[in-house]
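Chemist: So here's data-v4.cif, just mmCIF, C-alpha atoms:
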data_data
loop_
_atom_site.label_atom_id
_atom_site.label_comp_id
_atom_site.auth_asym_id
_atom_site.auth_seq_id
_atom_site.Cartn_x
_atom_site.Cartn_y
_atom_site.Cartn_z
CA MET A 1 -43.00 39.83 -4.52
CA SER A 2 -41.76 37.60 -7.29
CA GLN A 3 -40.38 34.23 -6.15
CA GLN A 4 -37.52 34.51 -8.64
CA HIS A 5 -36.01 37.49 -6.86
CA LYS A 6 -36.81 36.71 -3.29
CA PRO A 7 -34.03 38.53 -1.49
CA ARG A 8 -31.61 36.62 0.69
CA GLU A 9 -32.55 39.00 3.52
CA GLU A 10 -35.73 37.00 4.10
CA ARG A 11 -33.97 33.82 5.09
CA GLY A 12 -32.60 33.82 8.62
CA THR A 13 -34.88 34.55 11.54
CA ILE A 14 -34.05 34.87 15.23
CA GLU A 15 -36.00 31.64 15.84
CA SER A 16 -33.96 29.65 13.31
CA TYR A 17 -30.69 30.89 14.84
CA VAL A 18 -31.85 30.06 18.38
CA THR A 19 -32.93 26.55 17.28
CA GLY A 20 -29.65 26.05 15.43
CA PHE A 21 -27.62 27.28 18.39
CA ALA A 22 -29.40 25.00 20.87
CA ALA A 23 -29.00 21.98 18.59
CA SER A 24 -25.34 22.82 17.96
CA LEU A 25 -24.68 23.07 21.69
CA ALA A 26 -26.29 19.69 22.21
CA PHE A 27 -24.24 18.08 19.46
CA THR A 28 -21.04 19.57 20.90
CA LEU A 29 -21.68 18.48 24.47
CA ILE A 30 -22.92 14.96 23.65
CA PRO A 31 -19.69 13.77 21.95
CA TYR A 32 -17.59 15.65 24.52
CA PHE A 33 -19.11 13.83 27.48
CA LEU A 34 -19.22 10.54 25.59
CA VAL A 35 -15.46 10.77 25.07
CA ARG A 36 -14.74 11.99 28.61
CA ASN A 37 -16.69 9.16 30.24
CA TYR A 38 -15.51 6.49 27.88
CA HIS A 39 -12.12 4.92 28.50
CA GLY A 40 -10.18 2.94 25.98
CA THR A 41 -10.15 3.07 22.22
CA GLY A 42 -12.72 1.77 19.85
CA LYS A 43 -13.90 1.94 16.27
CA THR A 44 -17.49 2.33 17.48
CA MET A 45 -16.53 5.49 19.33
CA VAL A 46 -14.77 6.94 16.28
CA VAL A 47 -17.80 6.20 14.12
CA THR A 48 -20.15 7.64 16.78
CA ILE A 49 -18.35 10.97 17.18
CA MET A 50 -17.92 11.31 13.40
CA ALA A 51 -21.65 10.67 12.93
CA LEU A 52 -22.46 13.30 15.58
CA ALA A 53 -20.13 15.74 13.79
CA MET A 54 -21.97 15.08 10.52
CA ILE A 55 -25.31 15.82 12.23
CA GLN A 56 -23.73 19.00 13.59
CA LEU A 57 -22.65 19.86 10.03
CA VAL A 58 -26.19 19.44 8.74
CA ILE A 59 -27.59 21.56 11.61
CA GLN A 60 -25.17 24.38 10.90
CA ILE A 61 -25.80 24.22 7.16
CA VAL A 62 -29.57 24.37 7.61
CA PHE A 63 -29.88 26.87 10.48
CA PHE A 64 -26.80 29.07 10.05
CA LEU A 65 -25.89 28.92 6.36
CA HIS A 66 -29.49 28.48 5.12
CA LEU A 67 -28.16 26.45 2.23
CA GLY A 68 -30.69 25.20 -0.28
CA ARG A 69 -33.35 27.77 0.63
CA GLY A 70 -32.58 30.26 -2.14
CA PRO A 71 -34.32 30.55 -5.50
CA LYS A 72 -33.97 27.69 -7.96
CA PRO A 73 -31.75 26.54 -9.60
CA ARG A 74 -29.73 25.94 -6.44
CA TRP A 75 -26.21 26.33 -7.74
CA GLU A 76 -24.81 26.76 -4.26
CA LEU A 77 -26.16 23.42 -3.13
CA LEU A 78 -24.88 21.76 -6.30
CA PHE A 79 -21.44 23.26 -5.77
CA PHE A 80 -21.51 22.13 -2.17
CA TYR A 81 -22.29 18.54 -3.20
CA ALA A 82 -19.46 18.60 -5.74
CA THR A 83 -17.02 19.86 -3.11
CA PHE A 84 -18.23 17.31 -0.61
CA SER A 85 -17.62 14.47 -3.11
CA MET A 86 -14.11 15.76 -3.78
CA ILE A 87 -13.45 15.82 -0.04
CA LEU A 88 -14.62 12.22 0.29
CA VAL A 89 -12.24 11.19 -2.49
CA VAL A 90 -9.26 13.13 -1.12
CA VAL A 91 -9.64 12.26 2.56
CA GLY A 92 -11.02 8.75 2.10
CA GLY A 93 -8.48 7.95 -0.63
CA SER A 94 -5.54 9.18 1.47
CA LEU A 95 -6.65 7.10 4.43
CA ILE A 96 -7.11 3.93 2.36
CA ILE A 97 -3.76 4.30 0.58
CA VAL A 98 -1.76 5.05 3.71
CA HIS A 99 -3.48 2.32 5.71
CA ASN A 100 -2.56 -0.15 2.97
CA LEU A 101 1.02 1.10 2.89
CA HIS A 102 1.25 0.89 6.64
CA SER A 103 0.01 -2.69 6.89
CA ASN A 104 2.23 -3.90 4.04
CA MET A 105 5.37 -1.92 4.68
CA SER A 106 5.49 -1.45 8.43
CA VAL A 107 8.93 -0.88 9.95
CA GLY A 108 8.67 -4.05 12.03
CA ASP A 109 8.01 -6.26 9.00
CA GLN A 110 10.82 -4.71 7.01
CA GLU A 111 13.24 -5.11 9.90
CA LYS A 112 12.34 -8.77 10.34
CA ARG A 113 12.83 -9.43 6.64
CA LEU A 114 16.24 -7.74 6.69
CA VAL A 115 17.34 -9.58 9.86
CA ASP A 116 16.45 -12.93 8.32
CA SER A 117 18.04 -12.39 4.94
CA GLU A 118 21.23 -10.78 6.22
CA ALA A 119 21.56 -12.84 9.45
CA ILE A 120 21.86 -9.69 11.55
CA TYR A 121 23.00 -10.59 15.07
CA GLN A 122 21.41 -7.70 16.97
CA VAL A 123 19.30 -4.58 16.39
CA ASN A 124 19.48 -1.71 18.92
CA GLY A 125 21.18 -4.02 21.44
CA LYS A 126 18.41 -6.62 21.11
CA LYS A 127 19.50 -10.06 19.92
CA THR A 128 17.64 -11.25 16.87
CA GLY A 129 18.41 -15.01 17.01
CA ALA A 130 21.04 -14.96 14.27
CA CYS A 131 24.60 -16.04 15.13
CA GLN A 132 27.35 -13.46 15.50
CA THR A 133 30.24 -15.92 15.48
CA THR A 134 30.29 -19.63 14.81
CA LYS A 135 31.86 -22.18 17.17
CA ALA A 136 32.63 -25.89 16.72
CA ASN A 137 32.20 -27.69 13.40
CA HIS A 138 30.35 -31.00 13.01
CA ARG A 139 30.36 -33.26 9.98
CA ILE A 140 27.88 -35.61 8.42
CA VAL A 141 29.32 -37.81 5.70
CA ILE A 142 27.22 -39.63 3.11
CA THR A 143 28.86 -42.70 1.60
CA ASN A 144 26.98 -44.99 -0.82
CA GLY A 145 23.69 -43.55 0.35
CA VAL A 146 24.46 -44.14 4.03
CA VAL A 147 24.52 -41.27 6.52
CA SER A 148 27.24 -41.24 9.15
CA PRO A 149 26.67 -40.44 11.94
CA LEU A 150 22.90 -40.83 11.98
CA HIS A 151 22.49 -38.35 14.80
CA ILE A 152 24.44 -35.31 15.92
CA THR A 153 24.04 -33.12 18.99
CA ALA A 154 25.42 -29.61 18.63
CA ASP A 155 25.38 -26.27 20.43
CA GLN A 156 23.64 -23.28 18.97
CA CYS A 157 25.88 -21.35 16.57
CA ASP A 158 28.01 -24.42 15.81
CA THR A 159 28.33 -25.29 12.15
CA LEU A 160 27.31 -28.49 10.43
CA THR A 161 29.00 -29.61 7.22
CA PHE A 162 27.41 -32.16 4.91
CA ILE A 163 29.89 -34.07 2.77
CA SER A 164 28.91 -36.42 -0.05
CA GLN A 165 31.32 -39.09 -1.32
CA ASP A 166 28.85 -40.38 -3.90
CA SER A 167 28.86 -39.55 -7.57
CA ASP A 168 25.07 -39.16 -7.46
CA THR A 169 23.50 -35.85 -6.57
CA HIS A 170 21.96 -35.72 -3.10
CA THR A 171 19.33 -33.11 -2.39
CA LEU A 172 18.66 -33.05 1.33
CA VAL A 173 15.47 -31.50 2.64
CA PHE A 174 14.34 -31.00 6.23
CA GLY A 175 11.56 -32.79 8.05
CA ASN A 176 10.34 -36.38 7.83
CA ASP A 177 9.50 -37.70 4.37
CA PRO A 178 7.29 -36.43 2.63
CA THR A 179 7.37 -33.03 4.38
CA HIS A 180 9.74 -30.37 3.11
CA ASP A 181 10.47 -27.97 5.97
CA THR A 182 13.10 -25.28 6.20
CA TYR A 183 15.95 -24.94 8.68
CA ALA A 184 16.92 -21.35 9.67
CA GLY A 185 15.36 -20.09 6.48
CA GLN A 186 17.16 -22.63 4.27
CA GLY A 187 15.08 -24.94 2.15
CA GLU A 188 17.54 -27.63 1.03
CA ILE A 189 21.13 -28.82 1.00
CA SER A 190 22.36 -29.64 -2.47
CA LEU A 191 25.38 -31.95 -2.83
CA ARG A 192 26.43 -32.35 -6.44
CA ARG A 193 29.32 -33.85 -8.33
CA ASP A 194 30.98 -30.43 -8.64
CA GLN A 195 30.20 -29.26 -5.11
CA LYS A 196 30.24 -32.09 -2.63
CA THR A 197 30.05 -30.13 0.64
CA ASP A 198 27.63 -27.63 2.13
CA THR A 199 27.73 -25.98 5.57
CA LEU A 200 24.85 -24.90 7.78
CA THR A 201 25.06 -22.40 10.66
CA LEU A 202 22.97 -23.90 13.45
CA SER A 203 21.14 -20.77 14.59
CA GLU A 204 17.80 -22.45 15.14
CA VAL A 205 17.37 -24.48 18.34
CA GLY A 206 15.51 -27.79 18.39
CA ASN A 207 15.47 -31.33 17.06
CA PHE A 208 15.53 -31.63 13.28
CA THR A 209 15.51 -34.43 10.77
CA PHE A 210 16.55 -34.40 7.14
CA HIS A 211 16.12 -36.81 4.25
CA ASP A 212 17.08 -37.12 0.63
CA SER A 213 14.29 -35.87 -1.57
CA GLN A 214 14.72 -38.88 -3.88
CA TYR A 215 15.88 -41.72 -1.61
CA SER A 216 13.58 -41.59 1.39
CA SER A 217 15.70 -44.21 3.18
CA LEU A 218 18.57 -41.72 3.36
CA THR A 219 17.73 -39.91 6.60
CA GLY A 220 19.46 -38.46 9.62
CA SER A 221 18.82 -36.03 12.45
CA PHE A 222 20.52 -33.36 14.49
CA LEU A 223 19.73 -31.72 17.83
CA VAL A 224 20.71 -28.12 18.44
CA VAL A 225 20.77 -27.09 22.11
CA ASP A 226 20.96 -23.64 23.64
CA SER A 227 23.77 -24.30 26.17
CA SER A 228 25.64 -21.02 25.89
CA GLY A 229 23.21 -18.85 27.80
CA TYR A 230 22.92 -16.96 24.57
CA MET B 1 -51.91 43.02 -2.71
CA SER B 2 -50.35 44.21 0.48
CA GLU B 3 -46.78 44.10 -0.79
CA SER B 4 -45.71 46.39 -3.57
CA PRO B 5 -43.69 44.76 -6.34
CA LEU B 6 -39.95 45.39 -6.29
CA SER B 7 -38.81 48.46 -8.16
CA HIS B 8 -36.42 48.07 -11.05
CA HIS B 9 -33.56 49.26 -8.88
CA GLU B 10 -34.37 46.81 -6.08
CA GLN B 11 -34.56 43.93 -8.56
CA HIS B 12 -31.18 44.92 -9.92
CA GLU B 13 -29.80 45.07 -6.38
CA ALA B 14 -31.22 41.63 -5.54
CA ALA B 15 -29.69 40.08 -8.67
CA ALA B 16 -26.32 41.63 -7.82
CA ASN B 17 -26.61 40.21 -4.31
CA GLU B 18 -27.21 36.72 -5.71
CA ARG B 19 -24.17 36.98 -7.97
CA VAL B 20 -21.83 38.25 -5.26
CA HIS B 21 -23.17 35.70 -2.83
CA PHE B 22 -22.59 32.83 -5.26
CA GLY B 23 -19.06 34.06 -6.08
CA PHE B 24 -18.24 34.13 -2.40
CA TRP B 25 -19.73 30.68 -1.97
CA ILE B 26 -17.34 29.32 -4.62
CA TYR B 27 -14.44 30.82 -2.68
CA LEU B 28 -15.68 29.16 0.51
CA MET B 29 -15.94 25.78 -1.17
CA THR B 30 -12.36 25.98 -2.53
CA ASP B 31 -11.23 27.01 0.93
CA LEU B 32 -13.07 23.97 2.29
CA LEU B 33 -11.12 21.78 -0.15
CA MET B 34 -7.89 23.21 1.20
CA PHE B 35 -8.99 22.37 4.73
CA ALA B 36 -9.94 18.88 3.55
CA VAL B 37 -6.38 18.32 2.32
CA LEU B 38 -4.99 19.55 5.65
CA PHE B 39 -7.40 17.20 7.44
CA ALA B 40 -6.20 14.32 5.24
CA CYS B 41 -2.59 15.19 6.16
CA TYR B 42 -3.49 15.20 9.83
CA ALA B 43 -5.37 11.91 9.56
CA VAL B 44 -2.35 10.31 7.91
CA LEU B 45 0.35 11.82 10.17
CA HIS B 46 -1.32 12.03 13.57
CA ASN B 47 0.37 8.89 14.92
CA ASN B 48 3.87 9.84 13.76
CA ASN B 49 4.96 11.40 17.04
CA VAL B 50 8.42 9.70 16.98
CA GLY B 51 8.89 9.43 20.75
CA SER B 52 7.43 12.85 21.56
CA PRO B 53 4.13 13.04 23.46
CA SER B 54 1.14 11.74 21.52
CA ALA B 55 -1.99 13.74 20.76
CA LYS B 56 -3.67 12.30 23.87
CA GLU B 57 -0.80 13.31 26.14
CA LEU B 58 -0.64 16.81 24.67
CA PHE B 59 -4.24 17.97 24.28
CA THR B 60 -6.57 18.95 27.09
CA LEU B 61 -10.25 18.43 26.30
CA PRO B 62 -11.74 21.18 28.54
CA LEU B 63 -9.68 23.79 26.68
CA ALA B 64 -10.92 22.47 23.33
CA LEU B 65 -14.51 22.54 24.63
CA LYS B 66 -14.09 26.16 25.78
CA GLU B 67 -12.78 27.12 22.33
CA THR B 68 -15.66 25.28 20.65
CA LEU B 69 -18.31 26.95 22.84
CA LEU B 70 -16.78 30.40 22.25
CA LEU B 71 -16.76 29.95 18.49
CA LEU B 72 -20.23 28.37 18.43
CA THR B 73 -21.69 31.24 20.46
CA SER B 74 -19.93 33.80 18.25
CA SER B 75 -21.46 32.07 15.21
CA PHE B 76 -24.89 32.41 16.86
CA THR B 77 -24.42 36.10 17.79
CA CYS B 78 -23.17 36.72 14.25
CA GLY B 79 -26.45 35.27 12.92
CA ILE B 80 -28.50 37.47 15.28
CA ALA B 81 -26.40 40.47 14.20
CA MET B 82 -27.28 39.72 10.56
CA VAL B 83 -31.01 39.53 11.36
CA THR B 84 -30.84 42.97 13.01
CA ALA B 85 -28.71 44.34 10.15
CA ARG B 86 -31.29 43.22 7.58
CA ARG B 87 -33.98 44.96 9.60
CA GLY B 88 -31.87 48.13 9.46
CA ARG B 89 -31.27 48.43 13.20
CA GLN B 90 -27.82 49.94 13.25
CA THR B 91 -27.09 50.08 17.01
CA ALA B 92 -28.25 46.50 17.62
CA THR B 93 -26.15 45.35 14.63
CA LEU B 94 -23.06 47.07 16.01
CA VAL B 95 -23.61 45.63 19.50
CA TRP B 96 -24.18 42.04 18.29
CA PHE B 97 -21.18 42.18 15.95
CA LEU B 98 -19.09 43.61 18.78
CA VAL B 99 -20.09 40.62 20.94
CA THR B 100 -19.16 38.34 18.02
CA PHE B 101 -15.83 40.12 17.66
CA ILE B 102 -15.00 39.79 21.37
CA LEU B 103 -15.92 36.07 21.39
CA GLY B 104 -13.75 35.55 18.31
CA LEU B 105 -10.89 37.39 19.98
CA MET B 106 -11.24 35.22 23.10
CA PHE B 107 -11.17 32.10 20.92
CA LEU B 108 -8.01 33.31 19.20
CA ALA B 109 -6.40 34.13 22.56
CA LEU B 110 -7.10 30.59 23.84
CA GLU B 111 -5.72 29.04 20.68
CA LEU B 112 -2.57 31.18 20.80
CA SER B 113 -2.08 30.35 24.50
CA GLU B 114 -2.28 26.65 23.63
CA PHE B 115 0.26 27.08 20.81
CA HIS B 116 2.50 29.11 23.09
CA GLU B 117 2.38 26.41 25.75
CA PHE B 118 3.32 23.67 23.27
CA ILE B 119 6.17 25.70 21.78
CA HIS B 120 7.38 26.67 25.24
CA GLU B 121 7.58 22.97 26.17
CA GLY B 122 9.61 22.36 23.03
CA TYR B 123 6.90 20.83 20.83
CA THR B 124 7.04 22.85 17.63
CA LEU B 125 6.14 22.62 13.96
CA GLN B 126 9.48 20.88 13.37
CA THR B 127 9.25 18.27 16.15
CA ASN B 128 7.48 15.53 14.19
CA GLY B 129 4.91 14.80 11.49
CA PHE B 130 2.03 14.83 13.93
CA LEU B 131 2.85 18.30 15.27
CA SER B 132 3.59 19.68 11.78
CA SER B 133 0.17 18.64 10.53
CA PHE B 134 -1.49 19.83 13.77
CA PHE B 135 0.07 23.30 13.71
CA ILE B 136 -0.63 23.73 10.00
CA LEU B 137 -4.28 22.61 10.22
CA VAL B 138 -5.22 24.49 13.40
CA GLY B 139 -2.95 27.42 12.52
CA THR B 140 -4.59 27.83 9.09
CA HIS B 141 -7.97 27.96 10.81
CA GLY B 142 -6.57 30.51 13.28
CA LEU B 143 -5.31 32.66 10.39
CA HIS B 144 -8.80 32.57 8.87
CA ILE B 145 -10.26 33.68 12.22
CA THR B 146 -7.70 36.49 12.38
CA SER B 147 -8.56 37.73 8.90
CA GLY B 148 -12.28 37.41 9.74
CA LEU B 149 -11.74 39.60 12.81
CA LEU B 150 -9.85 42.21 10.76
CA TRP B 151 -12.62 42.16 8.14
CA MET B 152 -15.24 42.54 10.89
CA ALA B 153 -13.39 45.46 12.48
CA THR B 154 -13.04 47.39 9.22
CA THR B 155 -16.66 46.74 8.14
CA LEU B 156 -17.98 47.82 11.55
CA PHE B 157 -15.84 50.94 11.30
CA TYR B 158 -17.55 51.79 7.98
CA VAL B 159 -20.99 51.04 9.47
CA MET B 160 -20.28 53.56 12.22
CA LYS B 161 -18.93 56.10 9.72
CA ARG B 162 -21.44 55.81 6.87
CA GLY B 163 -24.48 54.18 8.45
CA LEU B 164 -26.04 50.81 7.59
CA ASN B 165 -26.46 51.13 3.79
CA PRO B 166 -27.37 48.15 1.47
CA PRO B 167 -23.81 47.52 0.17
CA LEU B 168 -22.57 47.32 3.76
CA VAL B 169 -25.39 44.93 4.69
CA ARG B 170 -24.33 42.78 1.72
CA LYS B 171 -20.71 42.84 2.98
CA LEU B 172 -21.83 41.90 6.47
CA GLY B 173 -23.84 39.04 4.93
CA LEU B 174 -20.70 37.65 3.28
CA LEU B 175 -18.77 38.12 6.52
CA SER B 176 -21.38 36.15 8.47
CA LEU B 177 -21.24 33.39 5.86
CA PHE B 178 -17.45 33.29 6.30
CA TRP B 179 -17.82 33.20 10.08
CA HIS B 180 -20.36 30.33 10.04
CA PHE B 181 -18.06 28.50 7.63
CA LEU B 182 -15.12 28.81 10.06
CA ASP B 183 -17.36 27.48 12.81
CA ILE B 184 -18.14 24.40 10.73
CA VAL B 185 -14.45 23.80 10.02
CA TRP B 186 -13.74 24.11 13.73
CA ILE B 187 -16.41 21.51 14.55
CA PHE B 188 -14.34 19.01 12.57
CA ILE B 189 -11.10 20.14 14.20
CA PHE B 190 -12.78 19.66 17.59
CA THR B 191 -14.06 16.21 16.63
CA ILE B 192 -11.10 14.83 14.70
CA VAL B 193 -8.13 16.50 16.37
CA TYR B 194 -9.22 16.90 19.99
CA LEU B 195 -11.91 14.28 20.62
CA GLY B 196 -10.20 11.94 18.15
CA ALA B 197 -7.06 11.99 20.29
CA TYR B 198 -8.98 10.39 23.15
CA VAL B 199 -10.76 7.52 21.36
#
Go through the file and emit its structure as structure tokens.
Modeler:
Amino acid sequence: MSQQHKPREERGTIESYVTGFAASLAFTLIPYFLVRNYHGTGKTMVVTIMALAMIQLVIQIVFFLHLGRGPKPRWELLFFYATFSMILVVVGGSLIIVHNLHSNMSVGDQEKRLVDSEAIYQVNGKKTGACQTTKANHRIVITNGVVSPLHITADQCDTLTFISQDSDTHTLVFGNDPTHDTYAGQGEISLRRDQKTDTLTLSEVGNFTFHDSQYSSLTGSFLVVDSSGY
Amino acid sequence: MSESPLSHHEQHEAAANERVHFGFWIYLMTDLLMFAVLFACYAVLHNNNVGSPSAKELFTLPLALKETLLLLTSSFTCGIAMVTARRGRQTATLVWFLVTFILGLMFLALELSEFHEFIHEGYTLQTNGFLSSFFILVGTHGLHITSGLLWMATTLFYVMKRGLNPPLVRKLGLLSLFWHFLDIVWIFIFTIVYLGAYV
């Protein structure tokens, strides 16, 4: 019998099917009982059951499909490898792309960004920390580089107006010199010749200091307290 | 030499077998690509249950194991049936394929009962992304099983009518390849969809 035309009929034997069946049963029951007796979630488990499935795949290919046992050249095997690579690209690629999208564009992140930038008071009945309405107004006046009063105590959601009576520009930043912190998302208060006042909504609770970014002696502080049961 | 060389006709037949077999293999591989895309969809969408029960709350593992064992055994009996068919034993071939057919039918019945239960509880293809991808993936496999069963029934009918001739053996060979292929796809459904829901 010429090797070139060895008929396909010669391939599968009862023994090979029995071996394949027994091995397949084993590799079905092993992951099943692993998962049943294992509580919780874990990457190790995912990797384990996927590895067992790949072994199962190889068993079925060898004992049931008899792939790679035909006459050479083995076009079927080649075609199988090509398909397998395409599957890796499609499935692996989809998972990577969507995972990336999910971690960068999750609903929670987007919501937080929107709440901060638009000062949204509540989302689905849950308060976000932004103020719905403002209450009393406080003033801090800067005259000849002197802050008056030096300290203010205010309730949350009051407003604080900075007024400059100097001809110089004052750029007030938060924190003790030389730190430049932000207050409620705002980086600085700019008081210029053409716009001498600026108002803050005191949505953030705590004790804060501010100073002029040029004249470090020009400093002041304000305390925002949560007294409203907000 | 104990074996006589193949006659011209037999060589021709063997070459034709190779060609048909390879053509069918190409079909199987493209079908596998389609399943891969459906698997990718499932992998991406399986957490999007939007308030409805999650995969873990919905699936029961013993049912999935039963389905797997039925299909695995049918794949085995299908292989045995092919061995007997290639040895020209018509009655044994018919019996083994009948066993395969019944196991396949039982698998399909279990799958349909599971689908029916979900739909009855109000969890349908349109409920959420997770269920859409689940029904499409598992349903596509179920459709393949259905067409495999129809193919098996008609081929067995011809075996009974005309006897086990070489073209019919070749057809049964392709059918068994198709059946083993569906078993392999199911192994991944079992692992990724059912076991995957619990880890």
Chemist: In Å, how far is it from atom CA of Leu105 of chain B to atom CA of Leu28 of chain B?
Modeler: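 Going from atom CA of Leu105 of chain B over to atom CA of Leu28 of chain B, I get 21.7 Å.
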Chemist: If we count only C-alpha atoms, what is near segment 93-101 of chain B at a cut-off of 10 Å, once residues fewer than 6 positions away on the same chain are taken out, given as a PyMOL selection string?
Modeler: chain B and resi 70-71+73-87+107+148-150+152-153+156-157+159-160+164+169+172+176+179
Chemist: Work out how far atom CA of Asn100 of chain A is from atom CA of Met29 of chain B, in Å to one decimal.
Modeler: 29.5 Å
Chemist: Around (-1.6, 30.5, 20.7) in the file's own coordinates, what residues are found within 12 Å if you use only C-alpha atoms, given back as a list in words?
Modeler: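 Output: Glu67, Leu105, Met106, Phe107, Leu108, Ala109, Leu110, Glu111, Leu112, Ser113, Glu114, Phe115, His116, Glu117, Phe118, Ile119, His120, Thr124, Phe135, Val138, Gly139, Gly142, Leu143 and Thr146 of chain B.
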Chemist: Give me the residues within 8 Å of segment 78-91 of chain A as a ChimeraX atom specification, counting all atoms listed in the file and dropping any in the same chain fewer than 5 places off.
Modeler: /B:26,29-30,32-33,36-37,39-40
Chemist: What is the distance between atom CA of Ser133 of chain B and atom CA of Ile102 of chain B, in Å to one decimal?
Modeler: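 Spanning atom CA of Ser133 of chain B to atom CA of Ile102 of chain B is a straight-line distance of 28.2 Å.
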Chemist: Counting all atoms listed in the file, find the residues whose atoms lie at most 9 Å from (9.4, -38.4, 1.9) (file coordinates) and write them out as JSON, numbers by chain.
Modeler: {"A": [175, 176, 177, 178, 179, 180, 211, 212, 213, 214, 215, 216, 217]}
Chemist: Apply the PyMOL selection byres ((chain A and resi 29) around 12) to the structure shown and report the selected residues as a ChimeraX atom specification.
Modeler: /A:22-28,30-36,49,52-53,56 /B:61-62,64-66,68-69,72,187,190-191,195
Chemist: Atoms to include: C-alpha atoms. Write the selected residues as a CSV table (one decimal), in the frame of the given file.
Modeler:
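Output file out_35.csv follows:
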chain,number,residue,atom,x,y,z
A,22,ALA,CA,-29.4,25.0,20.9
A,23,ALA,CA,-29.0,22.0,18.6
A,24,SER,CA,-25.3,22.8,18.0
A,25,LEU,CA,-24.7,23.1,21.7
A,26,ALA,CA,-26.3,19.7,22.2
A,27,PHE,CA,-24.2,18.1,19.5
A,28,THR,CA,-21.0,19.6,20.9
A,30,ILE,CA,-22.9,15.0,23.6
A,31,PRO,CA,-19.7,13.8,22.0
A,32,TYR,CA,-17.6,15.6,24.5
A,33,PHE,CA,-19.1,13.8,27.5
A,34,LEU,CA,-19.2,10.5,25.6
A,35,VAL,CA,-15.5,10.8,25.1
A,36,ARG,CA,-14.7,12.0,28.6
A,49,ILE,CA,-18.4,11.0,17.2
A,52,LEU,CA,-22.5,13.3,15.6
A,53,ALA,CA,-20.1,15.7,13.8
A,56,GLN,CA,-23.7,19.0,13.6
B,61,LEU,CA,-10.2,18.4,26.3
B,62,PRO,CA,-11.7,21.2,28.5
B,64,ALA,CA,-10.9,22.5,23.3
B,65,LEU,CA,-14.5,22.5,24.6
B,66,LYS,CA,-14.1,26.2,25.8
B,68,THR,CA,-15.7,25.3,20.6
B,69,LEU,CA,-18.3,27.0,22.8
B,72,LEU,CA,-20.2,28.4,18.4
B,187,ILE,CA,-16.4,21.5,14.6
B,190,PHE,CA,-12.8,19.7,17.6
B,191,THR,CA,-14.1,16.2,16.6
B,195,LEU,CA,-11.9,14.3,20.6
Chemist: Fewer than 2 positions away in the same chain doesn't count, so skip those; otherwise give me all residues within 8 Å of Asp166 of chain A, counting all atoms listed in the file, as a PyMOL selection string.
Modeler: chain A and resi 142-145+164+168-169+193
Chemist: Since the input lacks some atoms of segment 128-140 of chain A, please model N, CA and C atoms and print them as a tab-separated table (two decimals), keeping the file's coordinate frame.
Modeler:
chain	number	residue	atom	x	y	z
A	128	THR	N	18.68	-10.88	17.82
A	128	THR	CA	17.64	-11.25	16.87
A	128	THR	C	17.48	-12.75	16.74
A	129	GLY	N	18.47	-13.56	17.19
A	129	GLY	CA	18.41	-15.01	17.01
A	129	GLY	C	19.42	-15.49	15.99
A	130	ALA	N	20.00	-14.57	15.22
A	130	ALA	CA	21.04	-14.96	14.27
A	130	ALA	C	22.37	-15.05	15.01
A	131	CYS	N	23.33	-15.83	14.45
A	131	CYS	CA	24.60	-16.04	15.13
A	131	CYS	C	25.62	-14.97	14.74
A	132	GLN	N	26.32	-14.46	15.77
A	132	GLN	CA	27.35	-13.46	15.50
A	132	GLN	C	28.64	-14.14	15.07
A	133	THR	N	29.04	-15.15	15.85
A	133	THR	CA	30.24	-15.92	15.48
A	133	THR	C	29.87	-17.40	15.54
A	134	THR	N	30.57	-18.20	14.78
A	134	THR	CA	30.29	-19.63	14.81
A	134	THR	C	31.34	-20.31	15.70
A	135	LYS	N	30.96	-21.48	16.23
A	135	LYS	CA	31.86	-22.18	17.17
A	135	LYS	C	32.36	-23.48	16.54
A	136	ALA	N	32.08	-24.60	17.19
A	136	ALA	CA	32.63	-25.89	16.72
A	136	ALA	C	32.01	-26.31	15.38
A	137	ASN	N	32.70	-27.17	14.67
A	137	ASN	CA	32.20	-27.69	13.40
A	137	ASN	C	31.89	-29.18	13.54
A	138	HIS	N	30.73	-29.59	13.01
A	138	HIS	CA	30.35	-31.00	13.01
A	138	HIS	C	30.25	-31.45	11.56
A	139	ARG	N	30.41	-32.76	11.35
A	139	ARG	CA	30.36	-33.26	9.98
A	139	ARG	C	29.38	-34.42	9.85
A	140	ILE	N	28.72	-34.46	8.76
A	140	ILE	CA	27.88	-35.61	8.42
A	140	ILE	C	28.35	-36.06	7.03
